[in-house]
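*Asks:* Okay, so here is protein_25.json, and as you'll see once you scroll down, it has JSON, C-alpha atoms and all ligand atoms.
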```
[["chain", "number", "residue", "atom", "x", "y", "z"],
["A", 21, "MET", "CA", 91.43, 91.83, 129.18],
["A", 22, "ASP", "CA", 94.24, 89.29, 129.48],
["A", 23, "ASN", "CA", 95.29, 87.03, 126.66],
["A", 24, "ILE", "CA", 93.74, 83.60, 126.29],
["A", 25, "VAL", "CA", 96.52, 81.11, 125.61],
["A", 26, "LEU", "CA", 95.84, 77.68, 124.20],
["A", 27, "ILE", "CA", 98.48, 75.04, 124.82],
["A", 28, "GLY", "CA", 98.48, 71.34, 124.05],
["A", 29, "PHE", "CA", 99.85, 68.63, 121.81],
["A", 30, "MET", "CA", 99.62, 68.78, 118.03],
["A", 31, "GLY", "CA", 96.13, 68.02, 116.79],
["A", 32, "THR", "CA", 94.29, 68.92, 119.96],
["A", 33, "GLY", "CA", 92.47, 71.77, 118.19],
["A", 34, "LYS", "CA", 94.37, 74.87, 119.35],
["A", 35, "SER", "CA", 94.31, 76.74, 116.05],
["A", 36, "THR", "CA", 90.77, 75.88, 114.98],
["A", 37, "VAL", "CA", 89.33, 76.54, 118.42],
["A", 38, "GLY", "CA", 91.43, 79.68, 118.82],
["A", 39, "GLN", "CA", 90.14, 81.16, 115.59],
["A", 40, "HIS", "CA", 86.50, 80.54, 116.49],
["A", 41, "LEU", "CA", 87.00, 81.76, 120.03],
["A", 42, "SER", "CA", 88.60, 84.99, 118.86],
["A", 43, "GLU", "CA", 85.63, 85.67, 116.58],
["A", 44, "ARG", "CA", 83.14, 85.04, 119.38],
["A", 45, "LEU", "CA", 84.98, 87.29, 121.79],
["A", 46, "GLU", "CA", 86.03, 89.86, 119.20],
["A", 47, "LEU", "CA", 89.68, 89.49, 120.06],
["A", 48, "GLU", "CA", 92.64, 89.24, 117.74],
["A", 49, "PHE", "CA", 93.81, 85.70, 116.94],
["A", 50, "VAL", "CA", 97.50, 84.86, 116.70],
["A", 51, "ASP", "CA", 99.00, 81.49, 115.92],
["A", 52, "SER", "CA", 102.59, 81.53, 117.19],
["A", 53, "ASP", "CA", 103.68, 78.98, 114.56],
["A", 54, "GLU", "CA", 102.46, 81.32, 111.83],
["A", 55, "VAL", "CA", 104.38, 84.24, 113.32],
["A", 56, "ILE", "CA", 107.51, 82.07, 113.40],
["A", 57, "GLU", "CA", 107.02, 81.17, 109.73],
["A", 58, "GLU", "CA", 106.52, 84.83, 108.79],
["A", 59, "ARG", "CA", 109.65, 85.90, 110.64],
["A", 60, "ALA", "CA", 111.79, 83.08, 109.31],
["A", 61, "GLY", "CA", 110.38, 83.45, 105.81],
["A", 62, "ARG", "CA", 109.94, 79.71, 105.54],
["A", 63, "GLU", "CA", 107.70, 76.92, 106.73],
["A", 64, "ILE", "CA", 108.22, 75.12, 110.01],
["A", 65, "SER", "CA", 109.16, 71.86, 108.32],
["A", 66, "SER", "CA", 111.86, 73.72, 106.40],
["A", 67, "ILE", "CA", 113.13, 75.46, 109.57],
["A", 68, "PHE", "CA", 113.48, 72.04, 111.22],
["A", 69, "ALA", "CA", 115.12, 70.52, 108.15],
["A", 70, "GLU", "CA", 117.57, 73.38, 107.54],
["A", 71, "TYR", "CA", 118.44, 74.56, 111.02],
["A", 72, "GLY", "CA", 117.20, 71.93, 113.46],
["A", 73, "GLU", "CA", 114.83, 71.91, 116.40],
["A", 74, "GLU", "CA", 116.94, 74.04, 118.75],
["A", 75, "TYR", "CA", 116.94, 76.94, 116.29],
["A", 76, "PHE", "CA", 113.17, 76.59, 115.93],
["A", 77, "ARG", "CA", 112.80, 76.64, 119.75],
["A", 78, "ASP", "CA", 114.84, 79.85, 119.95],
["A", 79, "LEU", "CA", 112.57, 81.52, 117.39],
["A", 80, "GLU", "CA", 109.57, 80.22, 119.29],
["A", 81, "THR", "CA", 110.79, 81.78, 122.54],
["A", 82, "GLU", "CA", 111.37, 85.12, 120.80],
["A", 83, "VAL", "CA", 107.85, 85.09, 119.38],
["A", 84, "ILE", "CA", 106.27, 84.04, 122.68],
["A", 85, "THR", "CA", 108.12, 86.83, 124.48],
["A", 86, "ASP", "CA", 106.79, 89.40, 122.01],
["A", 87, "LEU", "CA", 103.21, 88.11, 122.07],
["A", 88, "SER", "CA", 103.22, 88.00, 125.87],
["A", 89, "ARG", "CA", 103.74, 91.74, 125.98],
["A", 90, "GLN", "CA", 100.43, 92.32, 124.22],
["A", 91, "GLN", "CA", 96.86, 92.10, 125.47],
["A", 92, "ARG", "CA", 93.46, 91.01, 124.21],
["A", 93, "LEU", "CA", 94.87, 88.23, 122.08],
["A", 94, "VAL", "CA", 93.80, 84.66, 121.63],
["A", 95, "ILE", "CA", 97.13, 82.88, 121.22],
["A", 96, "SER", "CA", 97.42, 79.40, 119.78],
["A", 97, "THR", "CA", 100.85, 77.99, 120.61],
["A", 98, "GLY", "CA", 102.93, 75.19, 119.09],
["A", 99, "GLY", "CA", 102.73, 71.84, 120.88],
["A", 100, "GLY", "CA", 106.28, 72.10, 122.19],
["A", 101, "VAL", "CA", 105.97, 75.56, 123.74],
["A", 102, "VAL", "CA", 105.75, 73.99, 127.20],
["A", 103, "LEU", "CA", 109.24, 72.49, 126.90],
["A", 104, "ARG", "CA", 110.82, 75.77, 127.95],
["A", 105, "GLN", "CA", 109.78, 77.04, 131.32],
["A", 106, "GLU", "CA", 110.55, 80.63, 130.29],
["A", 107, "ASN", "CA", 107.85, 80.45, 127.61],
["A", 108, "ILE", "CA", 105.25, 79.52, 130.19],
["A", 109, "GLU", "CA", 106.39, 82.21, 132.59],
["A", 110, "GLN", "CA", 106.02, 84.82, 129.85],
["A", 111, "LEU", "CA", 102.61, 83.58, 128.74],
["A", 112, "ARG", "CA", 101.30, 83.46, 132.29],
["A", 113, "LYS", "CA", 102.10, 87.12, 133.00],
["A", 114, "LYS", "CA", 99.21, 88.42, 130.98],
["A", 115, "GLY", "CA", 97.29, 85.34, 130.07],
["A", 116, "THR", "CA", 94.94, 82.62, 131.12],
["A", 117, "ILE", "CA", 96.41, 79.31, 129.98],
["A", 118, "ILE", "CA", 94.08, 76.58, 128.80],
["A", 119, "LEU", "CA", 95.26, 73.07, 127.96],
["A", 120, "LEU", "CA", 93.57, 71.18, 125.14],
["A", 121, "THR", "CA", 94.06, 67.42, 125.07],
["A", 122, "ALA", "CA", 92.95, 64.53, 122.85],
["A", 123, "GLU", "CA", 93.34, 60.78, 122.61],
["A", 124, "PRO", "CA", 96.39, 59.62, 120.57],
["A", 125, "GLU", "CA", 94.21, 58.02, 117.87],
["A", 126, "VAL", "CA", 92.22, 61.24, 117.48],
["A", 127, "ILE", "CA", 95.44, 63.24, 117.29],
["A", 128, "LEU", "CA", 96.78, 60.98, 114.54],
["A", 129, "ASP", "CA", 93.57, 61.26, 112.58],
["A", 130, "ARG", "CA", 93.65, 65.05, 112.79],
["A", 131, "VAL", "CA", 97.30, 65.48, 111.82],
["A", 132, "LYS", "CA", 97.84, 62.69, 109.35],
["A", 133, "ASP", "CA", 97.59, 64.82, 106.23],
["A", 134, "SER", "CA", 99.48, 67.79, 107.61],
["A", 135, "ASP", "CA", 103.07, 68.89, 107.79],
["A", 136, "ARG", "CA", 104.33, 67.94, 111.29],
["A", 137, "PRO", "CA", 108.08, 67.28, 111.08],
["A", 138, "LEU", "CA", 108.22, 65.56, 114.47],
["A", 139, "LEU", "CA", 105.63, 62.99, 113.38],
["A", 140, "GLU", "CA", 107.22, 62.08, 110.09],
["A", 141, "VAL", "CA", 108.26, 58.64, 111.29],
["A", 142, "PRO", "CA", 107.25, 55.12, 110.27],
["A", 143, "GLU", "CA", 105.05, 54.59, 113.36],
["A", 144, "PRO", "CA", 103.41, 57.94, 114.08],
["A", 145, "LEU", "CA", 100.86, 56.57, 116.58],
["A", 146, "GLU", "CA", 103.64, 55.10, 118.71],
["A", 147, "LYS", "CA", 105.55, 58.37, 118.44],
["A", 148, "ILE", "CA", 102.50, 60.36, 119.55],
["A", 149, "LYS", "CA", 102.05, 58.09, 122.60],
["A", 150, "GLU", "CA", 105.71, 58.36, 123.45],
["A", 151, "MET", "CA", 105.78, 62.14, 123.13],
["A", 152, "LEU", "CA", 102.59, 62.50, 125.16],
["A", 153, "ALA", "CA", 104.14, 60.41, 127.94],
["A", 154, "ASP", "CA", 107.38, 62.42, 127.82],
["A", 155, "ARG", "CA", 105.51, 65.71, 127.93],
["A", 156, "ARG", "CA", 102.83, 64.84, 130.44],
["A", 157, "GLU", "CA", 104.35, 66.89, 133.24],
["A", 158, "TYR", "CA", 105.14, 69.80, 130.96],
["A", 159, "TYR", "CA", 101.49, 70.14, 129.98],
["A", 160, "ASP", "CA", 100.31, 69.86, 133.57],
["A", 161, "ILE", "CA", 100.69, 73.54, 134.38],
["A", 162, "THR", "CA", 97.14, 74.81, 134.39],
["A", 163, "GLU", "CA", 93.93, 73.97, 136.17],
["A", 164, "TYR", "CA", 91.99, 74.49, 132.93],
["A", 165, "LYS", "CA", 92.01, 71.36, 130.80],
["A", 166, "ILE", "CA", 89.62, 70.32, 128.05],
["A", 167, "ASP", "CA", 89.64, 66.92, 126.33],
["A", 168, "THR", "CA", 88.54, 67.80, 122.80],
["A", 169, "SER", "CA", 88.45, 64.19, 121.51],
["A", 170, "GLN", "CA", 84.67, 63.92, 121.34],
["A", 171, "MET", "CA", 83.74, 67.59, 121.30],
["A", 172, "SER", "CA", 82.74, 69.91, 118.47],
["A", 173, "VAL", "CA", 84.62, 73.15, 118.01],
["A", 174, "ALA", "CA", 81.55, 75.08, 119.22],
["A", 175, "GLU", "CA", 81.44, 72.99, 122.41],
["A", 176, "VAL", "CA", 85.09, 73.64, 123.18],
["A", 177, "VAL", "CA", 84.63, 77.36, 122.53],
["A", 178, "ALA", "CA", 81.63, 77.42, 124.89],
["A", 179, "GLU", "CA", 83.66, 75.65, 127.57],
["A", 180, "ILE", "CA", 86.45, 78.21, 127.29],
["A", 181, "GLU", "CA", 83.95, 81.07, 127.45],
["A", 182, "LYS", "CA", 82.71, 79.61, 130.75],
["A", 183, "ILE", "CA", 86.23, 79.46, 132.13],
["A", 184, "ILE", "CA", 86.91, 83.05, 131.12],
["A", 185, "SER", "CA", 83.68, 84.41, 132.56],
["A", 186, "ASN", "CA", 84.28, 82.57, 135.85],
["A", 187, "GLU", "CA", 87.69, 84.19, 135.96],
["A", 188, "GLY", "CA", 86.04, 87.58, 135.72],
["A", 189, "GLY", "CA", 87.38, 88.32, 132.23],
["B", 1, "LIG", "C1", 105.56, 71.02, 117.66],
["B", 1, "LIG", "C2", 104.25, 71.34, 117.33],
["B", 1, "LIG", "C3", 103.92, 72.13, 116.13],
["B", 1, "LIG", "C4", 105.08, 73.02, 115.70],
["B", 1, "LIG", "C5", 106.33, 72.22, 115.56],
["B", 1, "LIG", "C6", 106.72, 71.49, 116.86],
["B", 1, "LIG", "C7", 105.82, 70.20, 118.86],
["B", 1, "LIG", "O1", 102.77, 72.96, 116.40],
["B", 1, "LIG", "O2", 105.28, 74.06, 116.62],
["B", 1, "LIG", "O3", 106.11, 71.30, 114.53],
["B", 1, "LIG", "O4", 106.97, 70.14, 119.32],
["B", 1, "LIG", "O5", 104.85, 69.60, 119.40],
["B", 1, "LIG", "P1", 101.24, 72.43, 116.49],
["B", 1, "LIG", "O6", 101.03, 71.96, 117.88],
["B", 1, "LIG", "O7", 100.45, 73.64, 116.18],
["B", 1, "LIG", "O8", 101.11, 71.36, 115.48]]
```
Here is a file; write its structure as structure tokens.
Ligand code: S3P

*Replies:*
Amino acid sequence: MDNIVLIGFMGTGKSTVGQHLSERLELEFVDSDEVIEERAGREISSIFAEYGEEYFRDLETEVITDLSRQQRLVISTGGGVVLRQENIEQLRKKGTIILLTAEPEVILDRVKDSDRPLLEVPEPLEKIKEMLADRREYYDITEYKIDTSQMSVAEVVAEIEKIISNEGG
């Protein structure tokens, strides 16, 4: 079975949904941000602060390349994974890509108490709207899109199961 790859902005539910989905389908769950933190030996906020975004993106591409060689994974990606075309090409080779979306207000509510270096600004809601607008085309790379704003985790998981079974997986 191919990998199931969850992409989408911060706070759209990739990690939570991915974990539940992997349990349902008895697949291994991998969060690419966690792999980056393990490899770097430090948290993402500290990678950004010490080495900058470009360094983080290079690590991200390395991790995505490695994960894309494996099978039977549910992969939750970082929100910026779509910014490099090569990441998407790798993920597509052995994976079904599913985009999770959410309304900006919902995103803010979900991420407000977490460590997201890119949203540590005085007006995070404005920043979220701006980033969503800037990234709109980058996220538009799959026919499978789920707006998680008003859905429970179980509902999103069920929706993804439908997609996968229609694909013949
Ligand atoms: C980022 C999203 C984060 C993390 C990093 C950069 C982004 O992942 O990779 O802070 O550029 O959108 P989550 O989407 O899991 O929060």

*Asks:* List all protein, DNA and RNA residues that have any atom at most 7 Å from ligand LIG 1 (chain B), counting all atoms listed in the file, and write the list as a ChimeraX atom specification.

*Replies:* /A:28-31,34-35,53,64-65,97-100,136-138

*Asks:* Taking only C-alpha atoms into account, produce a table as a tab-separated table in which each residue of range 98-175 of chain A with an atom at most 8 Å from an atom of range 67-83 of chain A appears once, together with its shortest atom pair and the distance in Å to one decimal, ordered by chain and rising number.

*Replies:*
```
residue	atom	partner	partner_atom	distance
A:Val101	CA	A:Glu80	CA	7.4
A:Glu106	CA	A:Thr81	CA	7.8
A:Asn107	CA	A:Thr81	CA	6.0
A:Pro137	CA	A:Phe68	CA	7.2
```

*Asks:* Find the distance between CA of Asp135 in chain A and CA of Ser66 in chain A and write it in Å to one decimal.

*Replies:*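 Computing it gives 10.1 Å between the two atoms.
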
*Asks:* Using all atoms listed in the file, pick whichever of A:Leu111, A:Ala178, A:Val50, A:Ile148 has the shortest atom-to-atom distance to Asp129 in chain A.

*Replies:*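 Of A:Leu111, A:Ala178, A:Val50, A:Ile148, the one nearest Asp129 in chain A is A:Ile148, counting all atoms listed in the file.
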
*Asks:* Quick one: of A:Met171, A:Val176, A:Ile166, A:Ile84, who's nearest to Val37 in chain A, counting only C-alpha atoms?

*Replies:*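 Under the stated criterion, the closest residue is A:Val176.
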
*Asks:* Nearest residue to Asp86 in chain A out of A:Ile117, A:Ile127, A:Val55, A:Val141, using only C-alpha atoms?

*Replies:*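 Of all the options, A:Val55 lies closest to Asp86 in chain A.
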
*Asks:* One decimal, in Å: what's the spacing between CA of Glu150 in chain A and CA of Ile24 in chain A?

*Replies:*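 The value is 28.1 Å.
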
*Asks:* Taking 5 positions as the minimum chain separation for residues in the same chain, which residues sit within 10 Å of Gln170 in chain A when counting only C-alpha atoms? Answer as a list in words.

*Replies:*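 Here the qualifying residues turn out to be Ala122, Glu123, Val126, Glu175 and Val176 of chain A.
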
*Asks:* Near Leu47 in chain A, within 8 Å and counting all atoms listed in the file, which residues show up once chain neighbours fewer than 6 positions away are dropped, as a PyMOL selection string?

*Replies:* chain A and resi 92-94

*Asks:* Put those residues in a file: C-alpha atoms, as an mmCIF file, keeping the file's coordinate frame.

*Replies:*
```cif
data_model
loop_
_atom_site.group_PDB
_atom_site.id
_atom_site.type_symbol
_atom_site.label_atom_id
_atom_site.label_comp_id
_atom_site.auth_asym_id
_atom_site.auth_seq_id
_atom_site.Cartn_x
_atom_site.Cartn_y
_atom_site.Cartn_z
ATOM 1 C CA ARG A 92 93.460 91.010 124.210
ATOM 2 C CA LEU A 93 94.870 88.230 122.080
ATOM 3 C CA VAL A 94 93.800 84.660 121.630
#
```

*Asks:* For the atom pair CA of Glu58 in chain A and CA of Gly38 in chain A, what is the interatomic distance in Å to one decimal place?

*Replies:*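 So the answer is 18.8 Å.
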
*Asks:* From the options A:Asp51, A:Asp133, A:Glu43, A:Asp167, which residue's atoms come nearest to Ile118 in chain A, counting all atoms listed in the file?

*Replies:*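 The answer is A:Asp167, which sits nearest to Ile118 in chain A.
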
*Asks:* Once 8 Å is added on each side, what centre and edge lengths in Å to one decimal does the axis-aligned box around all listed atoms of range 110-113 of chain A have, as AutoDock Vina command-line options?

*Replies:*
```
--center_x 103.7 --center_y 85.3 --center_z 130.9 --size_x 20.7 --size_y 19.7 --size_z 20.3
```

*Asks:* Within 12 Å of (86.6, 83.4, 135.4) in the file's own coordinates, which protein, DNA or RNA residues have an atom, counting only C-alpha atoms? List them as a ChimeraX atom specification.

*Replies:* /A:21-22,24,116-117,163-164,179-189

*Asks:* From the list A:Arg62, A:Thr168, A:Pro124, A:Gln105, which residue is nearest Met151 in chain A when using all atoms listed in the file?

*Replies:* A:Pro124

*Asks:* When you look at Leu103 in chain A with a cut-off of 10 Å (counting all atoms listed in the file), what residues show up, excluding the ones that are within fewer than 5 positions of it in the same chain? I need them as an MDAnalysis selection string.

*Replies:* chainID A and resid 77 108 155 157:159

*Asks:* Since we have the selection now, will you write its residues out, keeping C-alpha atoms, as a tab-separated table (two decimals), in the frame of the given file?

*Replies:*
```
chain	number	residue	atom	x	y	z
A	77	ARG	CA	112.80	76.64	119.75
A	108	ILE	CA	105.25	79.52	130.19
A	155	ARG	CA	105.51	65.71	127.93
A	157	GLU	CA	104.35	66.89	133.24
A	158	TYR	CA	105.14	69.80	130.96
A	159	TYR	CA	101.49	70.14	129.98
```

*Asks:* Looking at A:Glu48, A:Glu109, A:Glu125, A:Glu140, which one is nearest to Ile161 in chain A, with distances taken over all atoms listed in the file?

*Replies:*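 Going through A:Glu48, A:Glu109, A:Glu125, A:Glu140 one by one, the smallest distance to Ile161 in chain A is for A:Glu109.
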